[in-house]
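All remarks here apply to the structure that follows.
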Amino acid sequence: METIKTIQIGEPRNAPLEMSPEEFRALGYRLVDQVAEFLGSLPRRRVSPGESPREIRAILGDSPLPEKGTAAATLLDDAVRLLVNHSLFNGHPRFMGFITSPAAPLGALGELLAAAVNPNVGGWVLSPMASEIEAQTIRWIAELIGYPREAGGILVTGGTMANFVAFLAARKAKLPWDARTHGLAGDGARRMRVYASTETHTWIHKAVDLFGLGLDSIAWISANSDQRINTTELRERISADKAKGDLPFMVIGTAGTVSTGAVDPLPEIASIAREHGLWFHVDGAYGGFAAVAPNAPADLRGISEADSVAVDPHKWLYAPLEAGCTLVRDRNALRDAFTQHHPSYYKLLEDREETLNFFEYGPENSRGFRALKIWLALRQVGREGYAQMIGDDIRLAKALFELAAAHPELQAFRQGLSIATFRYVPRDLTPGVANVEEYLNHLNSELLGRLQASGEAFLTNAVIGGTFALRACIVNFRTSLADIRALPGIITRLGADLDAALRPKALQDNIA
């Protein structure tokens, strides 16, 4: 057993926020009982309360800041009541909406422990064990997706920030002048170019805006009918931009598009990037972790060739929010992007040899202990456990797609990774006619709102070639085949009721 080092202390200060160990223990036991009861009740609850913003605000109330304090037990009971009765539950088995997973129960307990110890994982001296746990977690994430374990990396809030960190590393590595000193105008009129599919997540809009390149720096490459980047057009555009004196520096491949789960041809993009000397980045915020599953697309193996990768543990590692991760093949390229000024008050963060100070690898100085919940889960289930759960999610999406394709009132569109897209089509309407298509877009848009408000299931939407589709995304270890089989009946029942109320008389001529 480890020896715990102790010191002598005097009388404690009287601080209103402090609790005795006995009080904390009693409150903690009570809260854990309430959380356990909540988790056990999830399958019986509505996915969403279907309440309006006005209703939620009325329930919360609009009282002024309290002058006096309230007992902690009362406050925790109040918080449980508000959150358990008036939340959208992404941990519900029938939550298949945004790419947000349920929180692994062990991860939730890990968050309690991380908050209790409260290390600041910006500098090693502030967080010796937490810093090393984060470094180990990053190595394990790299191993899980087939990326070099010696890569540099950092945990951030989510996919957008993970992509931002990689973007800044690429900009620093590929600019031929010192932008840190001279800014982005250091080479006169040469426009920097980043290449992205039209299906790329909107983080790229934010990145070029916030980091000084401007929206015109994005060279948009069309997507093929399978929603994957057109590599012929990519090659041609890079060559054309070079010929006119622009500065291509980065190409982005997507491992799992938001709308349909498509995976770009990553190995081919890697080859193009090498040919032209570009930084190859993979946005794998959603689909990167699917590389561990045996039924995942073969193109995910191209992740191993990327200069940088963004993944989201709070998506397909089922970690509680927030948790994103950036991996950069050359750890020095990551450090160079963020190691800048070293004021005198950083001295304690630099005095020890071989210390890992994460403030040098990302934009934050003070950082929470995001790694613990991921580290615990990786140890709890291992590679095999994640391969099984992610593989199951993909199989369930495929089963839903097949059910939609076989149903006389559903039209299936795309299935990629754990996403299935389809729409409701009344059996007496013929798709393809202009006014029918316009009505079907309206009908399915209204149907989505009705479905979300019903609390029976929660889906979102995709727009595919101008067609409004319902979109089910399964990154949920609680979703079962029974939940999947229930969906067509729920959707067609709600759809028939809406169609009876909404269909214009002008469509009667298009009845099949």
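Naming scheme: A, B, ... for chains in displayed order of the structure tokens; residues 1 onward per chain; ligands 1 onward as shown.
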How close does each residue of stretch 281-306 of chain A get to stretch 99-102 of chain A, giving the shortest atom pair and distance in Å to one decimal for every residue with an atom at most 12 Å away, counting only C-alpha atoms, sorted by chain and residue number, as JSON lines?
{"residue": "A:Ala285", "atom": "CA", "partner": "A:Ile99", "partner_atom": "CA", "distance": 9.5}
{"residue": "A:Tyr286", "atom": "CA", "partner": "A:Ile99", "partner_atom": "CA", "distance": 7.0}
{"residue": "A:Gly287", "atom": "CA", "partner": "A:Ile99", "partner_atom": "CA", "distance": 10.0}
Mind writing the picked residues with N, CA, C and O atoms as a compact mmCIF listing (two decimals), in the first residue's frame?
# COMPACT_ATOMS: atom_id res chain seq x y z
N ALA A 285 -13.70 13.44 -36.53
CA ALA A 285 -14.42 13.72 -35.29
C ALA A 285 -15.54 12.70 -35.06
O ALA A 285 -15.71 12.20 -33.94
N TYR A 286 -16.27 12.38 -36.12
CA TYR A 286 -17.32 11.36 -36.00
C TYR A 286 -16.76 9.96 -36.26
O TYR A 286 -16.82 9.09 -35.40
N GLY A 287 -16.22 9.73 -37.44
CA GLY A 287 -15.96 8.37 -37.88
C GLY A 287 -14.58 7.82 -37.62
O GLY A 287 -14.32 6.64 -37.88
Query raised in the report: Which residues, written as number ranges by chain, have at least one atom at most 8 Å from A:Leu396, with only C-alpha atoms counted and residues fewer than 5 positions away on the same chain left out?
Result: A: 418, 474, 480-481, 484
Query raised in the report: So which bits of stretch 148-323 of chain A end up strand (DSSP E) when you DSSP the backbone, as a PyMOL selection string?
Result: chain A and resi 152-156+192-197+218-221+247-254+279-284+308-311
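With distances restricted to only C-alpha atoms, A:Asn163 is the closest residue to A:Asp312 from A:Ser87, A:Thr232, A:Asn163, A:Ser344.
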Report task. May I have all residues of stretch 68-316 of chain A that DSSP, computed from the backbone, assigns to helix (DSSP H, G or I), given as a PyMOL selection string? Result -> chain A and resi 72-85+105-117+124-126+128-145+159-174+179-182+203-210+215-217+231-243+266-276+288-292+298-305+313-316
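Ranking A:Gly40, A:Gly91, A:Gly158, A:Gly97 by their shortest atom-to-atom distance to A:Thr460, with only C-alpha atoms included, puts A:Gly97 first.
With only C-alpha atoms as the atoms that count, the minimum distance from A:Phe468 to the choices A:Lys373, A:Thr421, A:Pro49, A:Gly368 is reached by A:Thr421.
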Query raised in the report: Hey, which of A:Trp203, A:Phe280, A:Phe401, A:Trp140 ends up closest to A:Ala371? Count only C-alpha atoms.
Result: A:Trp140
Report task. Using only C-alpha atoms, find the one residue out of A:Val121, A:Thr326, A:Leu417, A:Pro363 that sits nearest to A:Asp299. Result -> A:Leu417
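The closest residue to A:Glu456, picked from A:Leu487, A:Ile394, A:Ala296, A:Val125 and counting only C-alpha atoms, is A:Leu487.
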Requested in this report: Name all residues at most 7 Å from stretch 380-389 of chain A (count only C-alpha atoms; drop same-chain ones fewer than 6 positions away) and give them as a PyMOL selection string.
Outcome: chain A and resi 144+292-293+477
Requested in this report: Would you mind listing what lies within 12 Å of stretch 10-24 of chain A as number ranges by chain, with only C-alpha atoms counted and same-chain residues fewer than 3 positions away left out?
Outcome: A: 7, 27-32, 68-73, 76, 116
Query raised in the report: Which polymer residues have any atom within 12 Å of an atom of A:Gly122, counting only C-alpha atoms, with same-chain residues fewer than 2 positions away left out, as JSON, numbers by chain?
Result: {"A": [118, 119, 120, 124, 125, 126, 127, 128, 130, 131, 132, 134, 154, 155, 156, 346, 349, 350, 355, 356, 357, 358, 359, 360, 361, 362, 363, 364, 365, 366, 367, 368, 369, 370]}
Kindly save the residues from that selection, with N, CA, C and O atoms included, as a compact mmCIF listing (two decimals), in the first residue's frame.
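again-v4.txt, freshly written:
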# COMPACT_ATOMS: atom_id res chain seq x y z
N ASN A 118 -9.27 18.14 -9.10
CA ASN A 118 -9.22 19.44 -9.78
C ASN A 118 -7.83 19.85 -10.23
O ASN A 118 -7.40 20.99 -10.00
N PRO A 119 -7.08 18.96 -10.91
CA PRO A 119 -5.76 19.38 -11.42
C PRO A 119 -5.90 20.34 -12.59
O PRO A 119 -6.84 20.24 -13.38
N ASN A 120 -4.97 21.24 -12.70
CA ASN A 120 -4.90 22.13 -13.86
C ASN A 120 -3.91 21.52 -14.84
O ASN A 120 -2.70 21.61 -14.66
N TRP A 124 2.77 20.67 -16.09
CA TRP A 124 3.02 19.41 -15.38
C TRP A 124 3.09 19.60 -13.88
O TRP A 124 2.58 18.78 -13.11
N VAL A 125 3.73 20.67 -13.44
CA VAL A 125 3.89 20.87 -12.00
C VAL A 125 2.54 21.06 -11.32
O VAL A 125 2.39 20.78 -10.12
N LEU A 126 1.53 21.51 -12.05
CA LEU A 126 0.18 21.67 -11.51
C LEU A 126 -0.63 20.39 -11.56
O LEU A 126 -1.71 20.32 -10.97
N SER A 127 -0.13 19.40 -12.30
CA SER A 127 -0.95 18.20 -12.54
C SER A 127 -0.07 17.02 -12.90
O SER A 127 -0.20 16.46 -13.99
N PRO A 128 0.85 16.62 -12.03
CA PRO A 128 1.82 15.59 -12.43
C PRO A 128 1.17 14.29 -12.90
O PRO A 128 1.48 13.81 -14.01
N ALA A 130 -2.12 13.71 -13.55
CA ALA A 130 -3.12 13.99 -14.58
C ALA A 130 -2.47 14.21 -15.94
O ALA A 130 -2.98 13.75 -16.97
N SER A 131 -1.34 14.91 -15.98
CA SER A 131 -0.63 15.14 -17.25
C SER A 131 -0.16 13.82 -17.85
O SER A 131 -0.28 13.60 -19.06
N GLU A 132 0.35 12.94 -17.02
CA GLU A 132 0.83 11.66 -17.53
C GLU A 132 -0.32 10.76 -17.98
O GLU A 132 -0.20 10.01 -18.95
N GLU A 134 -3.12 11.92 -19.23
CA GLU A 134 -3.54 12.46 -20.52
C GLU A 134 -2.59 12.00 -21.63
O GLU A 134 -3.04 11.60 -22.71
N ILE A 154 -3.23 16.33 -28.02
CA ILE A 154 -3.79 17.08 -26.90
C ILE A 154 -5.30 16.86 -26.88
O ILE A 154 -5.92 16.67 -27.95
N LEU A 155 -5.87 16.86 -25.69
CA LEU A 155 -7.31 16.77 -25.53
C LEU A 155 -7.90 18.17 -25.44
O LEU A 155 -7.38 19.02 -24.72
N VAL A 156 -8.98 18.39 -26.17
CA VAL A 156 -9.64 19.69 -26.21
C VAL A 156 -11.14 19.48 -25.98
O VAL A 156 -11.57 18.41 -25.58
N TYR A 346 5.94 31.84 -15.78
CA TYR A 346 5.92 30.46 -16.26
C TYR A 346 7.12 29.65 -15.75
O TYR A 346 7.26 28.49 -16.08
N LEU A 349 6.87 26.16 -14.50
CA LEU A 349 6.41 25.20 -15.49
C LEU A 349 7.54 24.71 -16.38
O LEU A 349 7.34 23.83 -17.20
N GLU A 350 8.73 25.31 -16.24
CA GLU A 350 9.83 24.97 -17.15
C GLU A 350 11.06 24.42 -16.44
O GLU A 350 11.99 23.96 -17.09
N THR A 355 9.51 17.39 -18.58
CA THR A 355 8.12 17.58 -18.18
C THR A 355 7.28 17.89 -19.41
O THR A 355 7.74 18.52 -20.36
N LEU A 356 6.04 17.42 -19.40
CA LEU A 356 5.11 17.64 -20.50
C LEU A 356 4.12 18.72 -20.09
O LEU A 356 3.25 18.49 -19.25
N ASN A 357 4.30 19.90 -20.65
CA ASN A 357 3.42 21.02 -20.35
C ASN A 357 2.43 21.21 -21.50
O ASN A 357 2.81 21.67 -22.58
N PHE A 358 1.19 20.86 -21.28
CA PHE A 358 0.23 20.87 -22.37
C PHE A 358 -0.13 22.26 -22.86
O PHE A 358 -0.68 22.40 -23.95
N PHE A 359 0.19 23.30 -22.09
CA PHE A 359 -0.07 24.65 -22.61
C PHE A 359 0.78 24.93 -23.85
O PHE A 359 0.47 25.83 -24.63
N GLU A 360 1.84 24.14 -24.06
CA GLU A 360 2.69 24.31 -25.24
C GLU A 360 2.18 23.54 -26.45
O GLU A 360 2.78 23.61 -27.52
N TYR A 361 1.09 22.81 -26.31
CA TYR A 361 0.57 21.98 -27.39
C TYR A 361 -0.83 22.37 -27.83
O TYR A 361 -1.43 21.68 -28.67
N GLY A 362 -1.36 23.45 -27.28
CA GLY A 362 -2.70 23.88 -27.66
C GLY A 362 -2.96 25.30 -27.23
O GLY A 362 -2.09 25.96 -26.64
N PRO A 363 -4.16 25.82 -27.49
CA PRO A 363 -4.45 27.23 -27.26
C PRO A 363 -4.75 27.60 -25.81
O PRO A 363 -4.75 28.77 -25.46
N GLU A 364 -5.02 26.61 -24.95
CA GLU A 364 -5.41 26.91 -23.57
C GLU A 364 -4.20 26.92 -22.65
O GLU A 364 -3.25 26.17 -22.86
N ASN A 365 -4.27 27.73 -21.61
CA ASN A 365 -3.30 27.66 -20.52
C ASN A 365 -3.88 26.78 -19.41
O ASN A 365 -3.40 25.69 -19.16
N SER A 366 -4.91 27.26 -18.74
CA SER A 366 -5.59 26.43 -17.75
C SER A 366 -6.47 25.41 -18.47
O SER A 366 -7.21 25.75 -19.40
N ARG A 367 -6.37 24.16 -18.05
CA ARG A 367 -7.10 23.09 -18.72
C ARG A 367 -7.64 22.12 -17.69
O ARG A 367 -6.96 21.76 -16.74
N GLY A 368 -8.89 21.67 -17.90
CA GLY A 368 -9.47 20.67 -17.02
C GLY A 368 -8.92 19.28 -17.33
O GLY A 368 -8.27 19.04 -18.35
N PHE A 369 -9.23 18.35 -16.43
CA PHE A 369 -8.73 16.98 -16.53
C PHE A 369 -9.71 16.15 -17.37
O PHE A 369 -10.46 15.33 -16.86
N ARG A 370 -9.68 16.37 -18.70
CA ARG A 370 -10.60 15.68 -19.61
C ARG A 370 -10.24 14.21 -19.80
O ARG A 370 -11.06 13.42 -20.23
Requested in this report: Find the residues near A:Ser41: any atom within 12 Å, counting only C-alpha atoms, skip ones fewer than 5 places away on the same chain, and give them as a ChimeraX atom specification.
Outcome: /A:34-36,46-47,84-85,89,91-93
Write out as a Markdown table a residue-level contact list of stretch 148-246 of chain A versus stretch 405-413 of chain A with cut-off 12 Å: for each qualifying residue the closest pair of atoms and the distance in Å to one decimal, counting only C-alpha atoms, rows sorted by chain and residue number upward.
| residue | atom | partner | partner_atom | distance |
| --- | --- | --- | --- | --- |
| A:Ser225 | CA | A:Phe413 | CA | 11.1 |
| A:Asp226 | CA | A:Phe413 | CA | 10.3 |
| A:Gln227 | CA | A:Phe413 | CA | 11.6 |
Set out as CSV a contact list for stretch 452-491 of chain A and stretch 431-443 of chain A with a cut-off of 9 Å, giving each residue of stretch 452-491 of chain A that qualifies its closest atom pair and distance in Å to one decimal, counting only C-alpha atoms, ordered by chain and rising residue number.
residue,atom,partner,partner_atom,distance
A:Gly466,CA,A:Asn441,CA,8.8
A:Thr467,CA,A:Asn441,CA,6.4
A:Phe468,CA,A:Asn441,CA,5.1
A:Ala469,CA,A:Asn441,CA,7.7
